[in-house]
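Just below is one structure, and these are the notes that go with it.
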Amino acid sequence: MQVWYASYGSNMHGARLARYLGGCRDPRPPERSVAVELPGSVYFAYESKRWTGGMAFYDPDAPGVVWGRAHLLTAGQFADIATLEMHRLPDADLAVDLGTLAAGERVTLGDGRYESVVCAGEIEGRTLLTCTAPWALTDVAWRKPAARYLGHLAAGLVEAGAWEAGRIAEYLAARPGAAGEWSVAQIAALMEGEADGWGAQS
């Protein structure tokens with residue numbers, strides 16, 4: 001069975017997603033990747049050990065529109081990516097039938113930061129899924145994301161091909177946690193490769 005994985009954070013970036021898939025039981029690249037817009041809001045919170053700064057989370061119940069990139073994967077690949085996000089070994093499928101989830105439905109598999117699977121709808125008749133935290137954006141303190149992390153998000157949105165660079169900078173600068181901390185001009189500079197860490201792989 002195939003599903004769409006809606007990425008809204010660093011896995012929008014093709015090279016970053018490839019690293020995740022390299023740790024899956026099936027490391028093949030996605031069959032296709034397309035730009036996607038989801039109902040809700042992306043916000044930055046907590047502290048990333050890898051990137052430093054806030055991490056991207058998705059609140060499907062918040063007002064707004066989220067820009068992202070959907071990757072067509074097998075259900076097993078999505079399960080492994082979700083398991084890796086939960087800091088577990090990808091050695092089994094998730095304890096939920098991914099094909100039966102309806103739009104707006106959420107299944108919480110633990111109390112960790114990416115342990116809720118959300119069905120954001122369908123694309124071409126296949127389920128559109130993502131992972132996020134079990135809480136709402138108003139439940140946690142927002143945190144400024146790091147330059148290198150924002151660079152990966154921006155690059156992923158550029159790769160999606162649906163939005164101009166200026167609009168991407170405006171979008172990211174308006175996300176809770178980034179708003180008031182990163183200006184549109186600063187993010188545009190990241191996108192032009194003028195800030196330290198742009199394009200770095202990890």
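Going through the structure tokens in order, the chains are called A, B, and so on, while each chain numbers its residues from 1 and the ligands are numbered from 1 in the order shown.
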Compile a residue-level contact table for range 85-193 of chain A against range 34-47 of chain A at a cut-off of 6 Å, reporting for every qualifying residue the shortest atom pair and its distance in Å to one decimal, with only C-alpha atoms counted, rows ordered by chain and ascending number, as a Markdown table.
```
| residue | atom | partner | partner_atom | distance |
| --- | --- | --- | --- | --- |
| A:Trp142 | CA | A:Ala45 | CA | 4.4 |
| A:Arg143 | CA | A:Ala45 | CA | 4.6 |
| A:Ala160 | CA | A:Ala35 | CA | 5.0 |
| A:Arg175 | CA | A:Tyr43 | CA | 5.5 |
| A:Pro176 | CA | A:Tyr43 | CA | 4.7 |
| A:Gly177 | CA | A:Phe44 | CA | 4.8 |
```
DSSP-assigned alpha helix (DSSP H) members of range 73-159 of chain A, reported as a ChimeraX atom specification: /A:75-85,147-159
Emit the selected residues as a PDB file, in the first residue's frame, including C-alpha atoms.
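Wrote it out as selection-v4.pdb, contents follow:
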```pdb
ATOM      1  CA  ALA A  75       3.100   2.455   4.161  1.00  0.00           C
ATOM      2  CA  GLY A  76       6.130   0.652   5.574  1.00  0.00           C
ATOM      3  CA  GLN A  77       8.442   3.525   4.673  1.00  0.00           C
ATOM      4  CA  PHE A  78       6.136   6.022   6.346  1.00  0.00           C
ATOM      5  CA  ALA A  79       5.967   3.801   9.422  1.00  0.00           C
ATOM      6  CA  ASP A  80       9.761   3.667   9.569  1.00  0.00           C
ATOM      7  CA  ILE A  81      10.134   7.441   9.182  1.00  0.00           C
ATOM      8  CA  ALA A  82       7.573   7.967  11.944  1.00  0.00           C
ATOM      9  CA  THR A  83       9.396   5.448  14.134  1.00  0.00           C
ATOM     10  CA  LEU A  84      12.734   7.185  13.539  1.00  0.00           C
ATOM     11  CA  GLU A  85      11.114  10.508  14.485  1.00  0.00           C
ATOM     12  CA  ALA A 147      19.664  29.405  10.707  1.00  0.00           C
ATOM     13  CA  ARG A 148      20.759  26.020   9.372  1.00  0.00           C
ATOM     14  CA  TYR A 149      17.366  24.508  10.149  1.00  0.00           C
ATOM     15  CA  LEU A 150      15.479  27.345   8.466  1.00  0.00           C
ATOM     16  CA  GLY A 151      17.807  26.910   5.502  1.00  0.00           C
ATOM     17  CA  HIS A 152      16.728  23.291   5.112  1.00  0.00           C
ATOM     18  CA  LEU A 153      13.061  24.238   5.342  1.00  0.00           C
ATOM     19  CA  ALA A 154      13.486  26.994   2.787  1.00  0.00           C
ATOM     20  CA  ALA A 155      15.399  24.686   0.434  1.00  0.00           C
ATOM     21  CA  GLY A 156      12.678  22.075   0.701  1.00  0.00           C
ATOM     22  CA  LEU A 157       9.994  24.611  -0.170  1.00  0.00           C
ATOM     23  CA  VAL A 158      12.067  25.805  -3.119  1.00  0.00           C
ATOM     24  CA  GLU A 159      12.436  22.193  -4.299  1.00  0.00           C
TER      25      GLU A 159
END
```
Residue neighbourhood Asn11 in chain A, 10 Å, only C-alpha atoms, exclusion window fewer than 3 positions, as number ranges by chain: A: 5-8, 14-20, 68-71, 81, 152-153, 156
Distance criterion (only C-alpha atoms): nearest to His87 in chain A out of A:Leu21, A:Ala62, A:Arg113, A:Gly180: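 Of all the options, A:Arg113 lies closest to His87 in chain A.
Taking CA of Ala169 in chain A and CA of Gly53 in chain A as the two end points, the separation is 18.1 Å.
Nearest to Ser48 in chain A of all the residues A:Pro29, A:Gly104, A:Pro63, A:Pro145 is A:Pro145, counting only C-alpha atoms.
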Which residue of A:Val184, A:Asp59, A:Leu101, A:Gly121 approaches Asp139 in chain A most closely, using only C-alpha atoms: A:Asp59
Which of A:Pro60, A:Pro90, A:Gly161, A:Gly166 sits closest to Ser116 in chain A [using only C-alpha atoms]: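 Looking only at the distances to Ser116 in chain A, the closest residue turns out to be A:Pro60.
Counting only C-alpha atoms, the residue from A:Leu72, A:Ala162, A:Ala102, A:Ala179 that sits nearest to Pro30 in chain A is A:Leu72.
Counting only C-alpha atoms, the residue from A:Met1, A:Trp51, A:Trp67, A:Leu137 that sits nearest to Glu170 in chain A is A:Trp67.
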